[in-house]
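Engineer: You'll find work.cif just under this line, and it carries mmCIF, C-alpha atoms.
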```
data_start
#
loop_
_atom_site.label_atom_id
_atom_site.label_comp_id
_atom_site.auth_asym_id
_atom_site.auth_seq_id
_atom_site.Cartn_x
_atom_site.Cartn_y
_atom_site.Cartn_z
CA MET A 276 -37.48 -16.38 168.61
CA GLU A 277 -39.52 -13.17 168.72
CA LEU A 278 -39.58 -11.98 165.11
CA LYS A 279 -40.98 -8.49 165.60
CA GLY A 280 -38.37 -5.89 164.71
CA LYS A 281 -35.79 -8.52 163.69
CA LYS A 282 -33.82 -8.13 160.47
CA VAL A 283 -34.32 -11.28 158.40
CA LEU A 284 -32.89 -12.25 155.03
CA VAL A 285 -34.92 -14.67 152.91
CA PHE A 286 -32.60 -16.53 150.53
CA GLY A 287 -34.42 -17.62 147.35
CA ALA A 288 -37.30 -15.84 145.61
CA GLY A 289 -39.45 -18.77 144.50
CA ILE A 290 -42.91 -19.60 145.80
CA SER A 291 -41.49 -20.64 149.20
CA GLY A 292 -39.40 -17.47 149.52
CA THR A 293 -42.38 -15.27 148.71
CA GLY A 294 -44.47 -17.08 151.31
CA SER A 295 -41.71 -16.68 153.90
CA CYS A 296 -41.52 -12.93 153.22
CA ARG A 297 -45.25 -12.45 153.70
CA LEU A 298 -45.22 -14.46 156.92
CA LEU A 299 -42.22 -12.57 158.30
CA GLU A 300 -43.77 -9.19 157.49
CA ALA A 301 -46.99 -10.24 159.18
CA ALA A 302 -44.89 -11.11 162.25
CA GLY A 303 -43.35 -7.63 162.22
CA ALA A 304 -39.88 -8.47 160.89
CA ARG A 305 -37.79 -6.27 158.59
CA VAL A 306 -37.19 -8.40 155.51
CA ILE A 307 -34.61 -8.56 152.72
CA LEU A 308 -35.37 -10.94 149.84
CA HIS A 309 -32.28 -12.12 147.97
CA ASP A 310 -32.02 -14.23 144.83
CA GLY A 311 -28.90 -14.89 142.79
CA ASN A 312 -30.79 -14.59 139.50
CA GLU A 313 -30.35 -10.93 138.59
CA LYS A 314 -32.67 -11.34 135.58
CA LEU A 315 -35.77 -11.73 137.74
CA ASP A 316 -38.45 -9.07 137.28
CA THR A 317 -38.52 -7.02 140.49
CA GLU A 318 -41.89 -5.46 139.62
CA LYS A 319 -43.51 -8.90 139.31
CA MET A 320 -41.85 -9.92 142.58
CA LYS A 321 -43.33 -6.85 144.30
CA GLU A 322 -46.76 -7.72 142.92
CA LYS A 323 -46.53 -11.18 144.49
CA LEU A 324 -45.47 -9.70 147.82
CA GLY A 325 -48.42 -7.29 147.89
CA GLU A 326 -48.75 -3.55 147.45
CA ASP A 327 -48.22 -2.84 151.16
CA SER A 328 -45.03 -4.90 151.34
CA ARG A 329 -41.84 -3.18 152.46
CA VAL A 330 -39.58 -6.12 151.60
CA GLU A 331 -36.24 -4.96 150.20
CA ILE A 332 -35.33 -6.98 147.08
CA ARG A 333 -31.68 -7.73 146.28
CA LEU A 334 -30.77 -9.64 143.11
CA GLY A 335 -27.45 -10.95 141.83
CA ALA A 336 -24.42 -11.13 144.09
CA PHE A 337 -25.14 -12.03 147.71
CA PRO A 338 -25.25 -8.89 149.93
CA GLU A 339 -22.43 -9.96 152.23
CA GLU A 340 -22.32 -6.51 153.84
CA GLU A 341 -25.66 -7.35 155.49
CA LEU A 342 -24.40 -10.44 157.31
CA PRO A 343 -23.27 -8.68 160.53
CA HIS A 344 -26.69 -7.01 160.84
CA LEU A 345 -28.89 -10.08 160.35
CA ASP A 346 -30.85 -11.70 163.18
CA LEU A 347 -32.06 -14.64 161.06
CA VAL A 348 -31.75 -16.18 157.60
CA VAL A 349 -34.56 -18.23 156.05
CA LEU A 350 -33.44 -20.57 153.26
CA SER A 351 -35.80 -21.57 150.49
CA PRO A 352 -35.68 -25.33 149.73
CA GLY A 353 -33.84 -24.81 146.44
CA VAL A 354 -30.84 -23.21 148.17
CA PRO A 355 -28.14 -25.78 149.07
CA THR A 356 -27.27 -25.73 152.76
CA ASP A 357 -23.56 -26.24 152.08
CA LEU A 358 -22.94 -23.03 150.11
CA PRO A 359 -19.86 -21.11 151.37
CA VAL A 360 -22.02 -18.12 152.32
CA VAL A 361 -24.35 -20.37 154.35
CA ASN A 362 -21.32 -21.83 156.13
CA ARG A 363 -20.21 -18.26 156.98
CA MET A 364 -23.65 -17.58 158.47
CA HIS A 365 -23.22 -20.57 160.78
CA GLU A 366 -19.68 -19.43 161.72
CA MET A 367 -21.05 -15.97 162.60
CA GLY A 368 -23.74 -17.51 164.79
CA ILE A 369 -26.64 -16.35 162.60
CA PRO A 370 -29.62 -18.71 162.97
CA VAL A 371 -30.41 -20.37 159.63
CA TRP A 372 -33.92 -21.75 159.28
CA GLY A 373 -35.78 -23.38 156.43
CA GLU A 374 -39.29 -22.26 155.49
CA ILE A 375 -40.75 -25.30 157.30
CA GLU A 376 -39.14 -24.22 160.57
CA LEU A 377 -40.40 -20.66 160.09
CA ALA A 378 -43.97 -21.82 159.45
CA TRP A 379 -43.83 -24.21 162.43
CA VAL A 380 -42.68 -21.44 164.79
CA CYS A 381 -45.42 -19.09 163.57
CA GLY A 382 -48.20 -21.67 163.18
CA LYS A 383 -50.55 -23.42 165.60
CA GLY A 384 -52.12 -26.84 165.98
CA ASP A 385 -50.73 -30.27 165.08
CA VAL A 386 -48.79 -31.34 162.00
CA LEU A 387 -48.81 -34.75 160.29
CA GLY A 388 -45.67 -34.91 158.14
CA ILE A 389 -44.84 -37.19 155.22
CA THR A 390 -41.53 -37.77 153.47
CA GLY A 391 -39.87 -40.48 151.37
CA THR A 392 -38.50 -40.78 147.86
CA ASN A 393 -41.76 -41.78 146.17
CA GLY A 394 -45.46 -41.73 146.95
CA LYS A 395 -45.42 -38.54 149.02
CA THR A 396 -47.95 -36.62 146.96
CA THR A 397 -50.48 -39.45 146.73
CA THR A 398 -50.18 -40.21 150.45
CA THR A 399 -50.34 -36.54 151.43
CA THR A 400 -53.37 -35.87 149.22
CA LEU A 401 -55.26 -38.89 150.56
CA LEU A 402 -54.38 -38.15 154.19
CA GLY A 403 -55.39 -34.53 153.58
CA GLU A 404 -58.82 -35.67 152.37
CA ILE A 405 -59.25 -37.88 155.45
CA ILE A 406 -58.27 -35.05 157.81
CA LYS A 407 -60.56 -32.56 156.03
CA ASN A 408 -63.44 -34.99 156.51
CA ALA A 409 -62.61 -35.40 160.20
CA PHE A 410 -61.65 -31.92 161.46
CA PRO A 411 -63.12 -28.43 160.96
CA SER A 412 -59.74 -26.72 160.49
CA ALA A 413 -57.44 -28.65 158.14
CA PHE A 414 -54.61 -27.64 155.79
CA VAL A 415 -52.58 -29.54 153.19
CA VAL A 416 -49.19 -27.92 152.57
CA GLY A 417 -45.53 -28.32 151.70
CA ASN A 418 -43.88 -29.84 148.68
CA ILE A 419 -47.34 -30.56 147.27
CA GLY A 420 -47.57 -26.99 145.92
CA MET A 421 -48.92 -24.85 148.80
CA PRO A 422 -46.08 -23.47 150.97
CA TYR A 423 -46.60 -24.08 154.68
CA THR A 424 -45.69 -20.42 155.21
CA GLU A 425 -48.78 -19.36 153.22
CA SER A 426 -51.21 -21.00 155.66
CA ALA A 427 -49.34 -20.85 158.98
CA LEU A 428 -51.07 -17.65 160.14
CA ASP A 429 -54.48 -19.16 159.35
CA THR A 430 -53.93 -22.13 161.65
CA ARG A 431 -55.50 -22.25 165.11
CA GLU A 432 -54.98 -24.40 168.16
CA ASP A 433 -57.41 -27.04 166.87
CA SER A 434 -55.97 -27.07 163.33
CA VAL A 435 -54.45 -30.15 161.76
CA THR A 436 -51.89 -29.56 158.99
CA VAL A 437 -50.84 -32.35 156.63
CA ALA A 438 -47.41 -31.57 155.18
CA GLU A 439 -45.52 -33.19 152.30
CA LEU A 440 -41.83 -32.68 153.10
CA SER A 441 -38.87 -33.05 150.76
CA SER A 442 -35.33 -33.83 151.83
CA PHE A 443 -34.43 -30.22 150.90
CA GLN A 444 -37.03 -28.89 153.33
CA LEU A 445 -36.02 -31.24 156.13
CA GLU A 446 -32.33 -30.28 155.99
CA SER A 447 -32.99 -26.99 157.75
CA ILE A 448 -35.44 -27.75 160.57
CA HIS A 449 -34.58 -27.22 164.24
CA THR A 450 -37.67 -27.51 166.46
CA PHE A 451 -40.26 -28.77 163.94
CA ARG A 452 -42.15 -31.70 165.47
CA PRO A 453 -44.95 -33.57 163.70
CA ARG A 454 -47.33 -35.49 165.96
CA VAL A 455 -47.36 -38.27 163.35
CA SER A 456 -44.60 -38.68 160.76
CA ALA A 457 -44.13 -41.12 157.89
CA ILE A 458 -41.09 -42.14 155.86
CA LEU A 459 -42.53 -44.06 152.93
CA ASN A 460 -39.41 -45.45 151.25
CA ILE A 461 -35.80 -44.58 150.40
CA THR A 462 -34.17 -45.00 146.99
CA PRO A 463 -31.34 -42.93 145.45
CA ASP A 464 -32.48 -39.43 144.48
CA HIS A 465 -31.16 -35.86 144.52
CA LEU A 466 -27.57 -37.05 144.92
CA ASN A 467 -26.45 -33.99 142.96
CA ARG A 468 -27.60 -32.00 146.02
CA HIS A 469 -26.93 -34.38 148.93
CA HIS A 470 -23.79 -35.98 147.38
CA THR A 471 -24.08 -39.24 149.39
CA MET A 472 -26.88 -41.65 150.25
CA GLU A 473 -25.99 -41.25 153.92
CA ALA A 474 -26.67 -37.50 153.72
CA TYR A 475 -29.91 -38.07 151.80
CA ILE A 476 -31.13 -40.66 154.33
CA GLY A 477 -30.13 -38.34 157.19
CA ALA A 478 -32.18 -35.51 155.71
CA LYS A 479 -35.25 -37.75 155.48
CA LEU A 480 -34.74 -39.04 159.02
CA ASN A 481 -34.76 -35.43 160.26
CA ILE A 482 -38.56 -35.57 160.18
CA THR A 483 -38.37 -37.63 163.40
CA LYS A 484 -35.59 -35.81 165.24
CA ASN A 485 -37.84 -33.83 167.62
CA GLN A 486 -40.49 -36.51 168.06
CA THR A 487 -40.93 -38.15 171.46
CA ALA A 488 -42.53 -41.35 172.74
CA GLU A 489 -45.86 -39.47 172.69
CA ASP A 490 -45.65 -39.24 168.89
CA VAL A 491 -45.92 -41.84 166.11
CA CYS A 492 -43.65 -42.61 163.17
CA VAL A 493 -45.05 -44.72 160.31
CA LEU A 494 -42.41 -46.72 158.41
CA ASN A 495 -42.34 -49.09 155.45
CA TYR A 496 -41.53 -52.62 156.61
CA GLU A 497 -40.72 -53.75 153.05
CA ASP A 498 -37.96 -51.16 152.61
CA GLU A 499 -34.77 -52.27 154.35
CA THR A 500 -33.59 -48.70 154.95
CA THR A 501 -36.83 -47.50 156.53
CA ARG A 502 -37.21 -50.73 158.53
CA LYS A 503 -33.81 -50.10 160.14
CA MET A 504 -34.82 -46.53 160.94
CA ALA A 505 -37.10 -47.93 163.64
CA GLU A 506 -33.99 -48.40 165.79
CA LYS A 507 -33.15 -44.67 165.56
CA VAL A 508 -36.46 -42.90 166.18
CA ASN A 509 -37.81 -41.91 169.58
CA ALA A 510 -41.45 -42.00 168.46
CA ARG A 511 -43.66 -45.07 168.66
CA VAL A 512 -43.19 -46.95 165.37
CA LEU A 513 -46.08 -48.26 163.30
CA PHE A 514 -45.14 -50.30 160.23
CA PHE A 515 -47.03 -50.83 156.99
CA ALA A 516 -46.31 -53.88 154.82
CA SER A 517 -47.42 -55.15 151.41
CA GLY A 518 -45.61 -58.50 151.68
CA HIS A 519 -45.70 -59.46 155.36
CA LYS A 520 -48.41 -60.07 157.92
CA LEU A 521 -47.66 -57.87 160.93
CA GLU A 522 -48.44 -58.43 164.60
CA GLN A 523 -49.00 -54.68 164.87
CA GLY A 524 -49.45 -52.11 162.11
CA ILE A 525 -51.20 -52.24 158.76
CA TYR A 526 -50.66 -54.86 156.07
CA LEU A 527 -51.94 -56.31 152.82
CA GLU A 528 -53.21 -59.88 153.02
CA ASP A 529 -54.40 -61.22 149.65
CA ASP A 530 -56.76 -58.42 148.56
CA ALA A 531 -57.52 -57.10 152.07
CA ILE A 532 -55.93 -54.13 153.84
CA ILE A 533 -55.90 -54.98 157.55
CA TYR A 534 -55.16 -52.53 160.39
CA LYS A 535 -53.97 -54.13 163.62
CA PRO A 536 -53.61 -51.43 166.30
CA GLY A 537 -51.89 -53.70 168.84
CA LYS A 538 -50.35 -57.17 169.21
CA ASP A 539 -53.21 -58.26 171.44
CA ARG A 540 -55.90 -56.53 169.34
CA GLU A 541 -58.05 -57.94 166.55
CA GLY A 542 -57.27 -56.87 163.00
CA ILE A 543 -59.72 -54.41 161.41
CA LEU A 544 -60.61 -54.70 157.72
CA VAL A 545 -60.08 -51.27 156.19
CA CYS A 546 -61.11 -52.23 152.66
CA ARG A 547 -60.33 -54.55 149.78
CA THR A 548 -58.07 -53.49 146.93
CA GLY A 549 -60.90 -53.99 144.45
CA GLU A 550 -62.79 -51.19 146.22
CA LEU A 551 -59.98 -48.71 145.55
CA GLN A 552 -59.75 -46.47 142.50
CA LEU A 553 -55.94 -46.75 142.45
CA LEU A 554 -53.74 -49.23 140.58
CA GLY A 555 -50.63 -51.07 141.76
CA VAL A 556 -49.04 -52.37 144.96
CA HIS A 557 -47.15 -49.09 145.39
CA ASN A 558 -50.50 -47.30 145.63
CA TYR A 559 -51.78 -49.85 148.15
CA GLU A 560 -48.71 -48.97 150.22
CA ASN A 561 -49.55 -45.26 149.94
CA VAL A 562 -53.10 -46.01 151.12
CA MET A 563 -51.80 -48.05 154.04
CA ALA A 564 -49.44 -45.26 155.10
CA ALA A 565 -52.23 -42.66 155.02
CA VAL A 566 -54.62 -44.96 156.89
CA ALA A 567 -51.99 -45.74 159.53
CA MET A 568 -51.27 -42.04 160.08
CA ALA A 569 -54.94 -41.12 160.36
CA ALA A 570 -55.72 -44.04 162.67
CA ALA A 571 -52.70 -43.25 164.86
CA TYR A 572 -53.96 -39.67 165.15
CA GLY A 573 -57.35 -40.95 166.29
CA VAL A 574 -59.55 -40.51 163.22
CA ASP A 575 -62.66 -42.69 163.21
CA MET A 576 -62.23 -45.74 160.95
CA GLU A 577 -65.55 -45.13 159.19
CA ILE A 578 -64.32 -41.70 158.03
CA ILE A 579 -61.02 -43.25 156.93
CA ARG A 580 -62.74 -46.10 155.09
CA SER A 581 -65.24 -43.94 153.17
CA THR A 582 -62.55 -41.43 152.16
CA VAL A 583 -60.15 -44.10 150.94
CA LYS A 584 -62.82 -45.74 148.77
CA ALA A 585 -63.78 -42.41 147.18
CA PHE A 586 -60.20 -41.26 146.50
CA ARG A 587 -59.46 -41.03 142.77
CA GLY A 588 -55.68 -40.54 142.93
CA VAL A 589 -53.32 -37.72 142.02
CA GLU A 590 -52.94 -35.86 138.76
CA HIS A 591 -49.75 -36.73 136.82
CA ARG A 592 -49.25 -40.06 138.64
CA ILE A 593 -50.11 -42.98 136.30
CA GLU A 594 -53.08 -40.84 135.21
CA PHE A 595 -55.19 -42.25 132.37
CA VAL A 596 -55.65 -39.40 129.89
CA ALA A 597 -57.61 -40.87 126.97
CA GLU A 598 -57.83 -43.68 124.46
CA LYS A 599 -57.29 -42.47 120.90
CA ASN A 600 -57.43 -44.79 117.87
CA GLY A 601 -57.22 -47.80 120.18
CA VAL A 602 -54.13 -46.46 122.00
CA ALA A 603 -54.28 -45.73 125.76
CA TRP A 604 -52.27 -42.67 126.84
CA TYR A 605 -51.01 -42.39 130.44
CA ASN A 606 -49.48 -39.35 132.15
CA ASP A 607 -46.93 -40.31 134.80
CA SER A 608 -44.97 -37.06 134.68
CA LYS A 609 -44.48 -37.33 138.44
CA GLY A 610 -42.23 -40.34 137.80
CA THR A 611 -39.21 -38.09 138.29
CA ASN A 612 -36.70 -40.75 139.34
CA PRO A 613 -36.03 -44.36 138.28
CA ASP A 614 -37.79 -45.97 141.24
CA ALA A 615 -40.98 -43.97 140.66
CA ALA A 616 -40.84 -44.76 136.94
CA ILE A 617 -40.52 -48.49 137.71
CA LYS A 618 -43.93 -48.26 139.39
CA GLY A 619 -45.30 -46.64 136.25
CA ILE A 620 -44.19 -49.36 133.86
CA GLN A 621 -45.23 -52.10 136.28
CA ALA A 622 -48.80 -50.73 136.18
CA MET A 623 -49.02 -51.11 132.38
CA VAL A 624 -50.93 -54.10 130.99
CA ARG A 625 -50.41 -53.34 127.27
CA PRO A 626 -47.39 -53.20 124.95
CA THR A 627 -45.97 -49.77 125.76
CA ILE A 628 -44.17 -46.93 124.03
CA LEU A 629 -42.37 -45.14 126.83
CA ILE A 630 -41.16 -41.52 126.98
CA GLY A 631 -38.11 -41.07 129.24
CA GLY A 632 -35.29 -38.68 129.98
CA GLY A 633 -34.88 -35.15 131.31
CA TYR A 634 -32.79 -33.32 133.87
CA ASP A 635 -29.66 -35.08 135.14
CA LYS A 636 -29.92 -35.85 138.88
CA GLN A 637 -27.00 -38.31 138.65
CA SER A 638 -29.34 -41.28 138.70
CA ASP A 639 -28.58 -44.83 137.59
CA PHE A 640 -31.16 -46.20 135.13
CA HIS A 641 -30.20 -49.89 134.86
CA GLU A 642 -32.83 -51.14 137.31
CA TRP A 643 -35.55 -49.10 135.58
CA ILE A 644 -34.64 -50.57 132.19
CA ARG A 645 -34.53 -54.11 133.59
CA SER A 646 -38.07 -53.58 134.92
CA PHE A 647 -39.45 -53.23 131.36
CA ASP A 648 -39.97 -57.02 131.38
CA GLY A 649 -40.76 -57.21 127.66
CA LYS A 650 -43.55 -54.59 127.87
CA VAL A 651 -41.71 -51.69 126.21
CA ARG A 652 -41.77 -51.66 122.40
CA TYR A 653 -39.84 -48.39 122.08
CA LEU A 654 -38.14 -46.04 124.53
CA VAL A 655 -38.33 -42.46 123.21
CA LEU A 656 -35.70 -40.33 124.96
CA ILE A 657 -35.35 -36.58 125.47
CA GLY A 658 -33.40 -34.18 127.65
CA ALA A 659 -29.94 -34.09 129.16
CA THR A 660 -29.96 -37.78 130.15
CA ARG A 661 -31.00 -39.28 126.81
CA GLU A 662 -27.54 -40.50 125.74
CA GLN A 663 -26.80 -41.91 129.21
CA ILE A 664 -30.11 -43.79 129.26
CA GLN A 665 -29.53 -45.13 125.73
CA ARG A 666 -26.08 -46.36 126.80
CA GLU A 667 -27.36 -48.02 129.98
CA ALA A 668 -30.27 -49.54 128.04
CA ALA A 669 -27.81 -51.15 125.64
CA GLU A 670 -25.87 -52.52 128.62
CA CYS A 671 -29.13 -54.18 129.73
CA GLY A 672 -29.77 -55.58 126.25
CA PHE A 673 -32.50 -53.09 125.29
CA THR A 674 -31.74 -51.37 121.98
CA ASP A 675 -35.10 -50.00 120.78
CA CYS A 676 -34.29 -46.41 121.77
CA ILE A 677 -35.21 -43.33 119.76
CA LEU A 678 -33.58 -39.99 120.65
CA LYS A 679 -35.46 -36.75 120.03
CA ASP A 680 -34.55 -33.11 120.58
CA THR A 681 -37.92 -31.79 121.77
CA PHE A 682 -40.95 -32.99 123.71
CA GLN A 683 -43.16 -32.27 120.68
CA GLU A 684 -40.97 -34.49 118.48
CA ALA A 685 -41.14 -37.28 121.07
CA LEU A 686 -44.94 -37.09 121.20
CA ASP A 687 -45.23 -37.10 117.40
CA THR A 688 -42.95 -40.16 117.30
CA CYS A 689 -45.12 -42.00 119.84
CA ALA A 690 -48.29 -41.18 117.92
CA SER A 691 -46.80 -42.53 114.69
CA LEU A 692 -45.42 -45.72 116.28
CA ALA A 693 -48.40 -46.66 118.45
CA ARG A 694 -50.75 -49.40 117.23
CA PRO A 695 -54.27 -50.23 118.44
CA GLY A 696 -53.91 -52.13 121.72
CA ASP A 697 -50.73 -50.26 122.72
CA ALA A 698 -50.18 -47.79 125.56
CA VAL A 699 -48.11 -44.61 125.42
CA LEU A 700 -46.66 -43.80 128.83
CA LEU A 701 -44.95 -40.57 129.88
CA SER A 702 -42.87 -41.77 132.85
CA PRO A 703 -39.50 -40.07 132.39
CA ALA A 704 -37.47 -41.31 135.42
CA CYS A 705 -36.02 -37.77 135.46
CA ALA A 706 -36.97 -34.31 136.67
CA SER A 707 -38.41 -31.87 134.14
CA TRP A 708 -36.00 -28.98 134.76
CA GLY A 709 -34.17 -27.73 131.71
CA MET A 710 -37.19 -28.35 129.47
CA PHE A 711 -40.08 -27.42 131.79
CA PRO A 712 -40.48 -25.42 135.03
CA ASN A 713 -41.83 -28.51 136.82
CA TYR A 714 -43.37 -31.94 136.28
CA GLU A 715 -46.89 -30.48 136.34
CA VAL A 716 -46.25 -28.35 133.26
CA ARG A 717 -44.69 -31.35 131.51
CA GLY A 718 -47.76 -33.44 132.33
CA GLU A 719 -50.17 -30.72 131.21
CA GLU A 720 -48.39 -30.41 127.86
CA PHE A 721 -48.67 -34.17 127.43
CA LYS A 722 -52.41 -34.10 128.17
CA LYS A 723 -53.03 -31.18 125.80
CA TYR A 724 -51.32 -33.10 123.00
CA VAL A 725 -53.28 -36.30 123.67
CA ASN A 726 -56.64 -34.55 123.92
CA ALA A 727 -55.99 -32.78 120.61
CA LEU A 728 -55.35 -36.03 118.73
#
```
Step by step, read the file and then write its structure as structure tokens.

Structural biologist:
Amino acid sequence: MELKGKKVLVFGAGISGTGSCRLLEAAGARVILHDGNEKLDTEKMKEKLGEDSRVEIRLGAFPEEELPHLDLVVLSPGVPTDLPVVNRMHEMGIPVWGEIELAWVCGKGDVLGITGTNGKTTTTTLLGEIIKNAFPSAFVVGNIGMPYTESALDTREDSVTVAELSSFQLESIHTFRPRVSAILNITPDHLNRHHTMEAYIGAKLNITKNQTAEDVCVLNYEDETTRKMAEKVNARVLFFASGHKLEQGIYLEDDAIIYKPGKDREGILVCRTGELQLLGVHNYENVMAAVAMAAAYGVDMEIIRSTVKAFRGVEHRIEFVAEKNGVAWYNDSKGTNPDAAIKGIQAMVRPTILIGGGYDKQSDFHEWIRSFDGKVRYLVLIGATREQIQREAAECGFTDCILKDTFQEALDTCASLARPGDAVLLSPACASWGMFPNYEVRGEEFKKYVNAL
């Protein structure tokens, strides 16, 4: 679609919406920015858009009178695609894009896209480092914190963009086509938005919908859902596995990560797990996914190998903060669902006081609690899910729960309960919303507290 002169409504005024507005204006479109929160500060919004911006800002009730005059609507990821007004847009024949589709249409070069329930940020960050070391024009964007729309106009024909993609972002793509995609794993998440696992899985699978046999899709062989996806994708499939030796793909054998590019090809030693600065099998899987994507895209193995060995991990993901009075404190604020939090507790090698709870995404916590395996001395609970988690813990036979009203109270409780030789782990199994703007702020508050002890 030629955007110049078109009237476009951007729905949602967060970081993605602001990026979409700037990109649309640069393309010559006439832009309306709408957000249902009428308490937003329009002056601050105008500052973010830039002093030369002519974007018209509408807050509060949706401007339905504009619908007949719109050429395009761009949805921010936080806007559900099944809202009645969005359904009316479809009925009226108005194209509805997500910000990823907009950036793809306006951008240049190739995209390597990563999705999955857990591990996206670690895999995206590592792959981004590999690509930066291999290509002169490289970008790392998406759900990792930098909107794709912010960098799309800076891309060139030889650019390589690494994109972390959430299910929300993938719901509203149309022509977006990554040269290499990856679906890392699938466990229940965001069911308050997607309603069913089938819809959630379908949103993740969208990353492959425009790929062809010329492209590659990297899938997790150990995850039954992603393994079955191989039957549905048109791209060439490359598996990674932490528990099976593969004829083709990348796998973990004892302490060695082996890449086997073809059934009739010799396996290549990428590295040994002892050479990595990351802990846990889940992180070895993230490394394998990033290596497979880079190798499939043609990056030299020496560049891949040296980058992987130097990679120190991602902030807020099983991040060692400090040892105070013989107690090790770990920040796993990015453990925003039960499956991610299971990885956090599995990485602990000390008796642990665990901080859990937060925003209610309609998760089930039984499996997380069963994964404690005798490691957790106390579970300190906060947020909207604290009573539910306490109830499900009791159903699993775990009764050492302490409920607190604030994050500060939870931290004080942990500090008073912890003994030399213990660990305190923030791995909430829940999103931060309702108490914090995002998991990063939650993790930063945790680290400030620990460093001040």

Engineer: Care to translate the PyMOL selection byres ((chain A and resi 390) around 6) into actual residues of this file, as a list in words?

Structural biologist: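 On the file shown, the PyMOL selection byres ((chain A and resi 390) around 6) covers Ile389, Gly391, Lys395, Leu440 and Ile458 of chain A.
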
Engineer: Keeping only C-alpha atoms, write the selected residues as an mmCIF file, keeping the file's coordinate frame.

Structural biologist:
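This is the output file result-v5.cif:
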```cif
data_model
loop_
_atom_site.group_PDB
_atom_site.id
_atom_site.type_symbol
_atom_site.label_atom_id
_atom_site.label_comp_id
_atom_site.auth_asym_id
_atom_site.auth_seq_id
_atom_site.Cartn_x
_atom_site.Cartn_y
_atom_site.Cartn_z
ATOM 1 C CA ILE A 389 -44.840 -37.190 155.220
ATOM 2 C CA GLY A 391 -39.870 -40.480 151.370
ATOM 3 C CA LYS A 395 -45.420 -38.540 149.020
ATOM 4 C CA LEU A 440 -41.830 -32.680 153.100
ATOM 5 C CA ILE A 458 -41.090 -42.140 155.860
#
```

Engineer: Given all atoms listed in the file as the basis, pick out the residue of A:Thr471, A:Thr424, A:Ser442, A:Thr436 nearest to A:Asp385.

Structural biologist: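 For A:Asp385, the nearest of the candidates is A:Thr436.
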
Engineer: Tell me which residues come within 10 Å of (-45.8, -33.1, 153.0), as an MDAnalysis selection string, counting all atoms listed in the file in the file's coordinates.

Structural biologist: chainID A and resid 386:391 395:396 398:400 403 415:423 436:441 444 456:457

Engineer: Would you compute the distance between atom CA of A:Leu459 and atom CA of A:Gly384? Give it in Å to one decimal.

Structural biologist: 23.6 Å

Engineer: For A:Tyr724, which of A:Leu358, A:Ala288, A:Ala690, A:Ala505 is the closest residue, counting all atoms listed in the file?

Structural biologist: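 With all atoms listed in the file as the atom set, the closest residue is A:Ala690.
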
Engineer: Pick from A:Ile532, A:Leu554, A:Arg592, A:Ile476: nearest to A:Ala567, with only C-alpha atoms counted?

Structural biologist: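 With only C-alpha atoms as the atom set, the closest residue is A:Ile532.
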
Engineer: Quick one: of A:Lys407, A:Glu719, A:Leu299, A:Ala474, who's nearest to A:Ala427, counting only C-alpha atoms?

Structural biologist: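 Residue with the minimum atom-to-atom distance to A:Ala427: A:Leu299.
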
Engineer: Take atom CA of A:Ile369 and atom CA of A:Thr356 and report the distance between them in Å, one decimal.

Structural biologist: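 Separation between atom CA of A:Ile369 and atom CA of A:Thr356: 13.6 Å.
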
Engineer: Considering all atoms listed in the file, state which residue in the set A:Gly696, A:Gly287, A:Gly303, A:Pro536 is at the smallest distance from A:Val349.

Structural biologist: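 The shortest atom-to-atom distance to A:Val349 comes from A:Gly287.
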
Engineer: In Å, how far is it from atom CA of A:His591 to atom CA of A:Asp607?

Structural biologist: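 According to the coordinates, atom CA of A:His591 and atom CA of A:Asp607 are separated by 5.0 Å.
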
Engineer: Compare A:Tyr653, A:Trp643, A:Phe451, A:Phe514 by their minimum atom-to-atom distance to A:Ser691, counting all atoms listed in the file, and give me the closest one.

Structural biologist: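 Looking only at the distances to A:Ser691, the closest residue turns out to be A:Tyr653.
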
Engineer: Around the point (-40.0, -15.0, 142.4) (coordinates from the file), which residues reach within 10 Å if we count all atoms listed in the file? Answer as a list in words.

Structural biologist: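 Using all atoms listed in the file, the matching residues come out as Gly287, Ala288, Gly289, Ile290, Ser291, Gly292, Thr293, Leu308, His309, Asp310, Asn312, Leu315, Asp316, Thr317, Lys319, Met320, Lys321, Glu322, Lys323 and Leu324 of chain A.
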